[in-house]
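Source file: start-v8.cif (mmCIF, C-alpha atoms)
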data_input
loop_
_atom_site.group_PDB
_atom_site.id
_atom_site.type_symbol
_atom_site.label_atom_id
_atom_site.label_comp_id
_atom_site.auth_asym_id
_atom_site.auth_seq_id
_atom_site.Cartn_x
_atom_site.Cartn_y
_atom_site.Cartn_z
ATOM 1 C CA MET A 13 3.044 84.573 6.194
ATOM 2 C CA ARG A 14 0.085 86.196 4.533
ATOM 3 C CA ARG A 15 -3.081 84.584 3.255
ATOM 4 C CA THR A 16 -3.999 84.774 -0.417
ATOM 5 C CA ASP A 17 -7.196 83.795 -2.206
ATOM 6 C CA PRO A 18 -7.034 80.015 -1.703
ATOM 7 C CA GLY A 19 -9.437 78.961 -4.398
ATOM 8 C CA PRO A 20 -11.571 75.837 -3.961
ATOM 9 C CA GLY A 21 -8.804 73.581 -2.594
ATOM 10 C CA GLY A 22 -7.493 75.886 0.093
ATOM 11 C CA GLU A 23 -3.953 77.090 0.633
ATOM 12 C CA LYS A 24 -0.799 75.045 1.084
ATOM 13 C CA TRP A 25 1.632 75.828 3.904
ATOM 14 C CA ALA A 26 4.929 74.132 4.776
ATOM 15 C CA LEU A 27 7.665 74.169 7.392
ATOM 16 C CA LEU A 28 10.937 72.556 6.289
ATOM 17 C CA VAL A 29 13.697 71.971 8.868
ATOM 18 C CA GLY A 30 17.206 70.697 8.086
ATOM 19 C CA VAL A 31 19.778 70.137 10.832
ATOM 20 C CA ASP A 32 23.292 69.215 9.698
ATOM 21 C CA LYS A 33 25.212 70.645 12.642
ATOM 22 C CA CYS A 34 24.568 68.919 15.947
ATOM 23 C CA ARG A 35 27.818 68.674 17.889
ATOM 24 C CA ASP A 36 26.514 66.425 20.670
ATOM 25 C CA ILE A 37 25.243 63.667 18.375
ATOM 26 C CA GLY A 38 27.247 64.103 15.191
ATOM 27 C CA GLU A 39 27.173 66.193 12.081
ATOM 28 C CA LEU A 40 25.279 65.283 8.936
ATOM 29 C CA THR A 41 25.904 66.504 5.404
ATOM 30 C CA VAL A 42 22.707 66.556 3.342
ATOM 31 C CA CYS A 43 19.842 67.736 5.560
ATOM 32 C CA ALA A 44 19.943 71.406 4.527
ATOM 33 C CA SER A 45 20.309 70.518 0.846
ATOM 34 C CA ASP A 46 17.370 68.076 1.139
ATOM 35 C CA VAL A 47 15.245 70.888 2.583
ATOM 36 C CA LEU A 48 16.149 73.256 -0.251
ATOM 37 C CA ALA A 49 15.431 70.559 -2.849
ATOM 38 C CA LEU A 50 12.055 69.813 -1.257
ATOM 39 C CA LYS A 51 11.204 73.530 -1.212
ATOM 40 C CA ALA A 52 11.900 73.746 -4.949
ATOM 41 C CA MET A 53 9.688 70.692 -5.538
ATOM 42 C CA LEU A 54 6.846 72.096 -3.414
ATOM 43 C CA VAL A 55 6.948 75.383 -5.336
ATOM 44 C CA GLN A 56 6.774 73.394 -8.594
ATOM 45 C CA ILE A 57 3.614 71.599 -7.450
ATOM 46 C CA GLY A 58 1.826 74.741 -6.301
ATOM 47 C CA TYR A 59 2.979 75.733 -2.821
ATOM 48 C CA PRO A 60 3.464 79.518 -2.809
ATOM 49 C CA SER A 61 7.082 80.318 -1.970
ATOM 50 C CA ASP A 62 5.995 82.759 0.734
ATOM 51 C CA HIS A 63 3.966 79.956 2.390
ATOM 52 C CA ILE A 64 7.097 77.851 2.930
ATOM 53 C CA THR A 65 9.233 78.459 6.018
ATOM 54 C CA VAL A 66 12.779 77.092 5.821
ATOM 55 C CA LEU A 67 14.973 76.594 8.898
ATOM 56 C CA VAL A 68 18.467 75.297 8.074
ATOM 57 C CA ASP A 69 21.870 75.574 9.708
ATOM 58 C CA ASP A 70 23.824 75.660 6.462
ATOM 59 C CA GLN A 71 23.490 79.351 5.644
ATOM 60 C CA SER A 72 25.926 81.702 4.017
ATOM 61 C CA ASP A 73 24.303 84.787 5.549
ATOM 62 C CA PHE A 74 23.630 84.015 9.186
ATOM 63 C CA ASN A 75 20.077 84.866 10.226
ATOM 64 C CA ILE A 76 19.245 83.821 13.794
ATOM 65 C CA ASN A 77 15.521 83.677 12.977
ATOM 66 C CA THR A 78 15.996 80.991 10.315
ATOM 67 C CA TRP A 79 18.418 78.827 12.289
ATOM 68 C CA PRO A 80 16.835 75.478 13.361
ATOM 69 C CA THR A 81 17.085 76.025 17.124
ATOM 70 C CA LEU A 82 14.649 74.506 19.583
ATOM 71 C CA SER A 83 12.808 77.794 20.107
ATOM 72 C CA ASN A 84 12.683 78.685 16.379
ATOM 73 C CA VAL A 85 11.336 75.247 15.396
ATOM 74 C CA GLU A 86 8.709 75.244 18.152
ATOM 75 C CA ARG A 87 7.608 78.774 17.246
ATOM 76 C CA ALA A 88 7.380 77.840 13.539
ATOM 77 C CA VAL A 89 5.404 74.626 14.240
ATOM 78 C CA THR A 90 2.941 76.590 16.375
ATOM 79 C CA ARG A 91 2.567 79.251 13.653
ATOM 80 C CA LEU A 92 2.096 76.600 10.942
ATOM 81 C CA ALA A 93 -0.638 74.834 12.914
ATOM 82 C CA ARG A 94 -2.488 78.105 13.540
ATOM 83 C CA VAL A 95 -2.254 79.736 10.101
ATOM 84 C CA ALA A 96 -4.386 77.152 8.299
ATOM 85 C CA ASP A 97 -8.143 77.175 7.904
ATOM 86 C CA SER A 98 -10.473 74.257 7.248
ATOM 87 C CA ARG A 99 -9.631 73.952 3.519
ATOM 88 C CA ASP A 100 -5.847 74.219 3.832
ATOM 89 C CA THR A 101 -2.956 71.744 3.814
ATOM 90 C CA ILE A 102 -0.050 71.940 6.253
ATOM 91 C CA LEU A 103 3.181 70.015 5.800
ATOM 92 C CA PHE A 104 6.073 69.599 8.241
ATOM 93 C CA PHE A 105 9.371 68.097 7.059
ATOM 94 C CA PHE A 106 12.278 67.420 9.405
ATOM 95 C CA SER A 107 15.662 66.155 8.233
ATOM 96 C CA GLY A 108 18.239 65.497 10.941
ATOM 97 C CA HIS A 109 18.800 63.358 14.016
ATOM 98 C CA GLY A 110 15.937 61.725 15.874
ATOM 99 C CA VAL A 111 16.234 59.986 19.239
ATOM 100 C CA ASN A 112 14.002 58.156 21.659
ATOM 101 C CA ASP A 113 14.548 59.321 25.234
ATOM 102 C CA ASP A 114 12.687 57.091 27.723
ATOM 103 C CA GLY A 115 9.779 56.581 25.343
ATOM 104 C CA SER A 116 9.661 60.167 24.059
ATOM 105 C CA ASN A 117 10.521 60.634 20.390
ATOM 106 C CA LEU A 118 12.632 63.758 19.925
ATOM 107 C CA LEU A 119 13.689 65.636 16.801
ATOM 108 C CA VAL A 120 17.102 67.122 17.557
ATOM 109 C CA PRO A 121 17.576 70.805 16.636
ATOM 110 C CA THR A 122 20.971 72.397 16.158
ATOM 111 C CA ASP A 123 21.105 73.337 19.870
ATOM 112 C CA GLY A 124 19.726 69.982 21.002
ATOM 113 C CA ASP A 125 21.273 66.800 22.341
ATOM 114 C CA LEU A 126 20.285 63.265 23.337
ATOM 115 C CA LYS A 127 17.803 64.600 25.921
ATOM 116 C CA LYS A 128 16.821 68.014 24.499
ATOM 117 C CA GLY A 129 14.720 68.232 21.374
ATOM 118 C CA ILE A 130 11.308 68.794 19.845
ATOM 119 C CA ALA A 131 8.905 66.128 21.075
ATOM 120 C CA LEU A 132 7.178 64.424 18.154
ATOM 121 C CA ASP A 133 4.058 64.021 20.336
ATOM 122 C CA TRP A 134 4.025 67.804 20.798
ATOM 123 C CA VAL A 135 4.262 68.360 17.014
ATOM 124 C CA CYS A 136 1.373 65.930 16.467
ATOM 125 C CA GLY A 137 -0.613 67.703 19.210
ATOM 126 C CA GLN A 138 -0.098 71.063 17.506
ATOM 127 C CA PHE A 139 -1.311 69.565 14.239
ATOM 128 C CA ALA A 140 -4.296 67.909 15.975
ATOM 129 C CA SER A 141 -5.420 71.362 17.138
ATOM 130 C CA SER A 142 -5.039 72.836 13.635
ATOM 131 C CA ARG A 143 -8.129 73.475 11.525
ATOM 132 C CA ALA A 144 -6.276 72.322 8.377
ATOM 133 C CA ALA A 145 -8.050 69.779 6.203
ATOM 134 C CA GLU A 146 -4.812 67.923 5.418
ATOM 135 C CA LYS A 147 -1.911 67.526 7.832
ATOM 136 C CA ILE A 148 1.318 65.876 6.711
ATOM 137 C CA VAL A 149 4.453 65.057 8.704
ATOM 138 C CA LEU A 150 7.539 63.781 6.845
ATOM 139 C CA LEU A 151 10.498 62.675 8.951
ATOM 140 C CA ASP A 152 13.949 61.899 7.673
ATOM 141 C CA ALA A 153 15.294 61.544 11.200
ATOM 142 C CA CYS A 154 18.265 59.258 10.906
ATOM 143 C CA HIS A 155 19.002 56.614 13.458
ATOM 144 C CA SER A 156 22.774 56.909 13.501
ATOM 145 C CA SER A 157 22.517 57.782 17.184
ATOM 146 C CA ALA A 158 21.924 54.058 17.751
ATOM 147 C CA SER A 159 25.696 53.661 17.464
ATOM 148 C CA LYS A 160 25.960 55.817 20.603
ATOM 149 C CA GLY A 161 23.653 53.454 22.496
ATOM 150 C CA VAL A 162 20.587 55.622 21.958
ATOM 151 C CA SER A 163 17.474 54.387 20.231
ATOM 152 C CA GLY A 164 16.253 56.226 17.160
ATOM 153 C CA ILE A 165 12.674 57.419 16.765
ATOM 154 C CA ILE A 166 10.158 54.658 17.311
ATOM 155 C CA PRO A 167 7.158 55.362 15.075
ATOM 156 C CA ASP A 168 3.815 55.500 16.879
ATOM 157 C CA LEU A 169 1.343 55.005 14.104
ATOM 158 C CA LYS A 170 -1.652 55.995 16.247
ATOM 159 C CA ALA A 171 -1.377 59.536 14.912
ATOM 160 C CA GLY A 172 -5.060 60.001 14.070
ATOM 161 C CA ALA A 173 -7.171 59.840 10.953
ATOM 162 C CA ASP A 174 -6.513 63.426 9.873
ATOM 163 C CA LEU A 175 -2.702 63.224 10.073
ATOM 164 C CA SER A 176 -0.505 61.449 7.527
ATOM 165 C CA MET A 177 3.015 60.555 8.646
ATOM 166 C CA LEU A 178 5.921 59.174 6.627
ATOM 167 C CA PHE A 179 9.121 57.970 8.291
ATOM 168 C CA SER A 180 12.285 57.493 6.252
ATOM 169 C CA CYS A 181 13.621 54.439 8.036
ATOM 170 C CA GLU A 182 13.080 51.888 10.758
ATOM 171 C CA LYS A 183 14.369 51.962 14.312
ATOM 172 C CA ASP A 184 18.117 51.118 14.427
#

Using structure tokens, write down the structure from this file.
Amino acid sequence: MRRTDPGPGGEKWALLVGVDKCRDIGELTVCASDVLALKAMLVQIGYPSDHITVLVDDQSDFNINTWPTLSNVERAVTRLARVADSRDTILFFFSGHGVNDDGSNLLVPTDGDLKKGIALDWVCGQFASSRAAEKIVLLDACHSSASKGVSGIIPDLKAGADLSMLFSCEKD
């Protein structure tokens, strides 16, 4: 990612993650396509294409660096939080499974399971340390894991004044 002249409103940066293939919890069918549709929409409203990182597991040409693994997602979240300056906007979108493991909300990457994932608290902590003026987290983390006896993500709306969060659905 390279910085451009941001103009008066700052630059816009995004990380979009779509996980359709998660063997341990169940496969989904629209997460990658949702990510690609959101990318197109963000470009239409002014996000530079080279400021949008896409990690999806529905790829025709396999690229290990753009696969939504635990390490790739964590590395991309860290990079997104650090790239922004005080006038910028950062946006994180996750589409896939979300679980609650003993009070910890986890976003499940393609190599994750019911106990291994990206902690939502960690994502929020990375964003809290970012200098970005606007910080947005959008989660379409389905709760179909509830059918396996596992609770879905339980929103904690104490995210902080400088972080906007939107959840797609309620627990269970």

Residues selected by the PyMOL selection byres ((chain A and resi 60) around 10), written as a list in words: Thr16, Glu23, Lys24, Trp25, Ala26, Lys51, Leu54, Val55, Gln56, Ile57, Gly58, Tyr59, Ser61, Asp62, His63 and Ile64 of chain A

Point-to-point distance from CA of Lys147 (chain A) to CA of Gly30 (chain A), Å rounded to tenths: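 Answer for the CA of Lys147 (chain A) to CA of Gly30 (chain A) separation: 19.4 Å.
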
Ground truth for the PyMOL selection byres ((chain A and resi 115-131) around 7), written as a VMD selection string: chain A and resid 31 33 to 34 36 to 37 80 to 82 108 to 114 132 to 135 165 to 166

Explicit residues for the PyMOL selection byres ((chain A and resi 79) around 7) (as a PyMOL selection string): chain A and resi 67-69+75-78+80-81

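Take CA of Ala145 (chain A) and CA of Asp174 (chain A): the distance between them is 7.5 Å.
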
Best match for closeness to Thr101 (chain A) among A:Glu86, A:Glu146, A:Asp152, A:Asp70, counting all atoms listed in the file: A:Glu146

Best match for closeness to Asp32 (chain A) among A:Met53, A:Val85, A:Ala153, A:Ala140, counting all atoms listed in the file: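 Between A:Met53, A:Val85, A:Ala153, A:Ala140, the residue approaching Asp32 (chain A) most closely is A:Ala153.
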